[in-house]
Each structure stands twice: as structure tokens, then as C-alpha cells.
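K.L.:
Questions regarding the structure given below will be posed in turn.
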Amino acid sequence: MAHPLPRIFSRRIYQQSSPSARASNLFPRRFQVNSAPRRSYATGESGPNPRPGQNPFKIWPFVAITVAGSGAYILMVRSRTDMAPTNERIAAPKKNTPTFSPSNVTVLFVLGGPGAGKGTQCANLVRDYKFTHLSAGDLLRAEQDRKGSEFGDLIKSYIKDGKIVPMEVTVQLLENAMTEVVEKDKDHKGKFLIDGFPRKMDQALKFEETVCPSKFVLFYDCPEEEMQKRLLKRGETSGRSDDNAESIKKRFKTFVETSMPVVNYFRQEGRVVKVVATKTPDEVYKETREKLEQRLGRNF
């Protein structure tokens, strides 16, 4: 129910809005028209002077419009809140358990800056300990060159710019390669050196959550100047698009900013085996074997 306006307020409005009232101030009384026009008000009463307490305005239409507009606004806000963002990434189906059990599958992450010698040392471990060497970079390069690959152009652009390929692509390629090896083994077991992976924390967490928990990180520590010298030398014959001065600088920057936090995370968990990689390849391998046997035993 609308509240009546105070008497003095209704009188002021009436006085300001009444043409006859204004006319009475402008002309002498003898020139005034005797009968003023009658008005109809919201109450149904007519006449120039509404009864005290009467409201000369229609209140209910304004109230109805305000209520209706507020309700429509609330519904609009709620509908926008419930609406899913259009640019949200569609997540892969969540797994309750990893694909492989660590009791059947051994995974060592092999990390180090570009040119630290990871590939050379992995080849030695494959020869002597029957590991399967999976290079994340090699898998990505093979996929980009595979005819009909839906990720080929994407991978090519990321590698050229020294950026990290989206996590989902790399993790899936690794899982596919591991599955192929395990299925061929009569006991469905496997030992894997995953070279150059994980390069970011989300990769590490995603892999261990969905594929297989790792034993530890084998980290080859080498100064940037030494790695750059090795890469430029390798670029003379490797034919790799990222073995050039510009890409090398980008790769160094990416490694320091994204991969070193991964190493530090595993170090805090006591899951890093560090090897100094500035020595000769044979000396580096000798140290690698000693530290692995200390960690895994001589017959791992």
C-alpha cells in the first residue's frame, strides 16, 4: 500500500503544477475565470483540491515497473553465472588410478638443460641396463612429421619458438609409446628413461596422476656456456630446426623458468639424483652408474 505524502508536500506540488494557481498571481481577481478546470486524480476524486492525505500521483504503476525490472535483472545475472565459460578447456576424462603400476613399470625422468648430454647418457643406460629410452622431444618431432597428424603444425610452431608443447599432447604420446612396449613384454613390465620430461610442474603432476609415478629425476647439471657451445657444434650436422643461436637462447630461458622449478620440487621430496655434466661423456657415465646403483641396487 502506498504511503500518503505529507500534507505540506502535496500542497506544494499542487501549487507548483496548477495553471490556475499561477494565473491567480499574474492577473487581478476581476479578470480571473470563475470556473477552474476540474482534474481527475488516481483516487477517483475530482477537483482542484484533493482531500488531505490523498496522493495526487499514480504510485502503483511505478512500483510494479520497479519490481518487474529488478526481477528480470536478477534472472539475467543468475543465468550468466550458471553459464560455462566459452573458452574453457575441455578436460580429459579423469582416471581413478594411473595406467601403470610402479611395481611393474620403472620410470626415471631425465632432466638437464639443452645440450647437457642427456641423450648420450640415456643411450649408455639402455645398452647396459635394458632401459627403454623415450625422448619427449623425439616423440614430438616424429609426430609433427607424421602424415595426417592433427598436432603436426601446432608442435612445429611451438618447437621453433622454443616453447613448451601443450601438456596433453606430450603426456598422451608418452603413454602410447609406453603401452606399446609393455604389451610386447611377456610379463607386462618395463623400465623407461623419459628424456627431457617433465618440463613443467603441470606435466609432472599429470603424468604421475594418470600414467605412472616415477622413481626419481636424474638431473644432469651443466652451465649455460658449455651447453651453448655443444649445441652450436651439434647444429652443424644435426639438421634440427632448434639448433641455432636464436632458438638456443629461448630454450635456455624456458628451461630456467619452467623446468628448474620441477627439479627443485622433486629435490624437496628427496627424488633427485644429480650428476655433474661438465666432464667427459665417459666420466659422466661412470658417476651416473654409481649413483643409480646406490639408489636402485646393482640389479635394478
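Starting from 1 in every chain, residues are counted up; chains themselves are A, B, ... following the order of the C-alpha cells, and ligands are numbered from 1 as listed.
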DSSP says helix (DSSP H, G or I) for which residues of segment 176-267 of chain A? Put them as JSON, numbers by chain?

P.N.:
{"A": [176, 177, 178, 179, 180, 181, 182, 183, 184, 201, 202, 203, 204, 205, 206, 207, 208, 209, 210, 224, 225, 226, 227, 228, 229, 230, 231, 232, 233, 234, 235, 236, 237, 238, 245, 246, 247, 248, 249, 250, 251, 252, 253, 254, 255, 256, 257, 258, 259, 260, 261, 262, 263, 264, 265, 266, 267]}

K.L.:
Based on DSSP run over this structure's backbone, return all residues of segment 88-282 of chain A in strand (DSSP E), as a list in words.

P.N.:
Val105, Thr106, Val107, Leu108, Phe109, Val110, Leu111, Gly112, Thr132, His133, Leu134, Ser135, Gly190, Lys191, Phe192, Leu193, Ile194, Asp195, Phe216, Val217, Leu218, Phe219, Tyr220, Asp221, Val272, Val273, Lys274, Val275 and Val276 of chain A

K.L.:
Which residues come within 9 Å of Phe255 of chain A, counting only C-alpha atoms, excluding same-chain residues fewer than 2 positions away, as a ChimeraX atom specification?

P.N.:
/A:112-114,199-200,250-253,257-260

K.L.:
Near Lys163 of chain A, within 9 Å and counting only C-alpha atoms, which residues show up once chain neighbours fewer than 2 positions away are dropped, as an MDAnalysis selection string?

P.N.:
chainID A and resid 157:161 165 250:251 254

K.L.:
With C-alpha atoms retained, write the just-selected residues as a PDB file, in the first residue's frame.

P.N.:
ATOM      1  CA  SER A 157      55.385 -23.812 -34.227  1.00  0.00           C
ATOM      2  CA  TYR A 158      55.995 -24.462 -30.516  1.00  0.00           C
ATOM      3  CA  ILE A 159      59.369 -26.144 -31.092  1.00  0.00           C
ATOM      4  CA  LYS A 160      60.527 -23.388 -33.440  1.00  0.00           C
ATOM      5  CA  ASP A 161      59.732 -20.708 -30.863  1.00  0.00           C
ATOM      6  CA  VAL A 165      54.102 -28.038 -26.321  1.00  0.00           C
ATOM      7  CA  LYS A 250      64.866 -19.237 -25.993  1.00  0.00           C
ATOM      8  CA  ARG A 251      65.343 -22.839 -24.866  1.00  0.00           C
ATOM      9  CA  THR A 254      62.397 -21.702 -20.924  1.00  0.00           C
TER      10      THR A 254
END

K.L.:
Set the distance at 12 Å and use only C-alpha atoms: which residues neighbour Leu292 of chain A once local chain neighbours fewer than 6 positions away are removed? I'd like the list as a list in words.

P.N.:
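Contacts, with the query itself left out: Leu108, Leu125, Tyr129, Lys215, Phe216, Val217, Leu218, Phe219, Arg271, Val272, Val273, Lys274, Val275, Tyr285, Lys286, Arg298, Asn299 and Phe300 of chain A.
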
K.L.:
Could you dump the residues just selected with N, CA, C and O atoms as a CSV table (one decimal), in the first residue's frame?

P.N.:
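File part-v9.csv, as written:
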chain,number,residue,atom,x,y,z
A,108,LEU,N,62.1,-43.3,-14.8
A,108,LEU,CA,63.1,-42.3,-14.4
A,108,LEU,C,63.0,-41.1,-15.3
A,108,LEU,O,63.1,-41.2,-16.5
A,125,LEU,N,72.8,-46.1,-20.7
A,125,LEU,CA,71.9,-46.9,-19.8
A,125,LEU,C,71.0,-47.9,-20.5
A,125,LEU,O,70.8,-49.0,-20.0
A,129,TYR,N,71.6,-51.5,-19.1
A,129,TYR,CA,70.6,-51.9,-18.1
A,129,TYR,C,69.2,-52.2,-18.7
A,129,TYR,O,68.2,-52.3,-18.0
A,215,LYS,N,60.2,-43.0,-10.2
A,215,LYS,CA,61.1,-43.3,-9.1
A,215,LYS,C,61.8,-42.0,-8.6
A,215,LYS,O,61.8,-41.7,-7.4
A,216,PHE,N,62.4,-41.3,-9.6
A,216,PHE,CA,63.1,-40.0,-9.2
A,216,PHE,C,63.5,-39.3,-10.5
A,216,PHE,O,63.3,-39.9,-11.6
A,217,VAL,N,64.1,-38.2,-10.4
A,217,VAL,CA,64.6,-37.4,-11.5
A,217,VAL,C,66.2,-37.6,-11.6
A,217,VAL,O,66.8,-37.3,-10.6
A,218,LEU,N,66.7,-37.9,-12.7
A,218,LEU,CA,68.1,-38.0,-13.0
A,218,LEU,C,68.5,-36.7,-13.6
A,218,LEU,O,68.1,-36.4,-14.8
A,219,PHE,N,69.1,-35.8,-12.9
A,219,PHE,CA,69.4,-34.4,-13.3
A,219,PHE,C,70.8,-34.2,-13.6
A,219,PHE,O,71.7,-34.4,-12.8
A,271,ARG,N,63.7,-36.9,-4.3
A,271,ARG,CA,63.7,-37.7,-5.5
A,271,ARG,C,64.5,-37.1,-6.7
A,271,ARG,O,64.0,-37.0,-7.8
A,272,VAL,N,65.7,-36.7,-6.4
A,272,VAL,CA,66.6,-36.1,-7.4
A,272,VAL,C,68.0,-36.8,-7.2
A,272,VAL,O,68.5,-36.8,-6.1
A,273,VAL,N,68.5,-37.3,-8.3
A,273,VAL,CA,69.9,-37.8,-8.4
A,273,VAL,C,70.6,-36.8,-9.3
A,273,VAL,O,70.4,-36.8,-10.5
A,274,LYS,N,71.5,-36.1,-8.8
A,274,LYS,CA,72.2,-35.0,-9.5
A,274,LYS,C,73.6,-35.5,-10.0
A,274,LYS,O,74.4,-36.1,-9.2
A,275,VAL,N,73.9,-35.3,-11.3
A,275,VAL,CA,75.2,-35.7,-11.9
A,275,VAL,C,75.8,-34.5,-12.5
A,275,VAL,O,75.1,-33.8,-13.3
A,285,TYR,N,79.2,-40.8,-17.3
A,285,TYR,CA,78.5,-42.0,-17.2
A,285,TYR,C,78.9,-42.9,-16.0
A,285,TYR,O,78.1,-43.5,-15.4
A,286,LYS,N,80.2,-42.8,-15.7
A,286,LYS,CA,80.7,-43.5,-14.5
A,286,LYS,C,80.0,-43.0,-13.3
A,286,LYS,O,79.6,-43.8,-12.4
A,298,ARG,N,72.3,-52.9,-7.4
A,298,ARG,CA,73.1,-53.3,-8.5
A,298,ARG,C,72.3,-54.0,-9.6
A,298,ARG,O,72.7,-54.0,-10.7
A,299,ASN,N,71.2,-54.6,-9.2
A,299,ASN,CA,70.5,-55.4,-10.2
A,299,ASN,C,69.1,-54.8,-10.6
A,299,ASN,O,68.2,-55.5,-10.9
A,300,PHE,N,69.1,-53.5,-10.6
A,300,PHE,CA,67.9,-52.9,-11.0
A,300,PHE,C,67.5,-53.1,-12.4
A,300,PHE,O,66.4,-52.9,-12.9

K.L.:
Expressed in Å to a single decimal, how great is the separation between atom CA of Asp221 of chain A and atom CA of Lys156 of chain A?

P.N.:
27.5 Å

K.L.:
One decimal, in Å: what's the spacing between atom CA of Asp282 of chain A and atom CA of Arg141 of chain A?

P.N.:
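Value for the atom CA of Asp282 of chain A-atom CA of Arg141 of chain A distance: 28.1 Å.
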
K.L.:
As an MDAnalysis selection string, please: the residues near segment 223-235 of chain A (cut-off 6 Å, only C-alpha atoms, same-chain neighbours under 5 positions excluded).

P.N.:
chainID A and resid 115:116 243

K.L.:
Please provide the set of residues having any atom within 10 Å of segment 180-183 of chain A, restricted to only C-alpha atoms, with same-chain residues fewer than 3 positions apart removed, written as a PyMOL selection string.

P.N.:
chain A and resi 100+104-105+132+175-177+186-192

K.L.:
Here is a test: counting only C-alpha atoms, which residue of A:Thr106, A:Asn124, A:Thr170, A:Ser238 is nearest to Ala136 of chain A?

P.N.:
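For Ala136 of chain A, the nearest of the candidates is A:Thr170.
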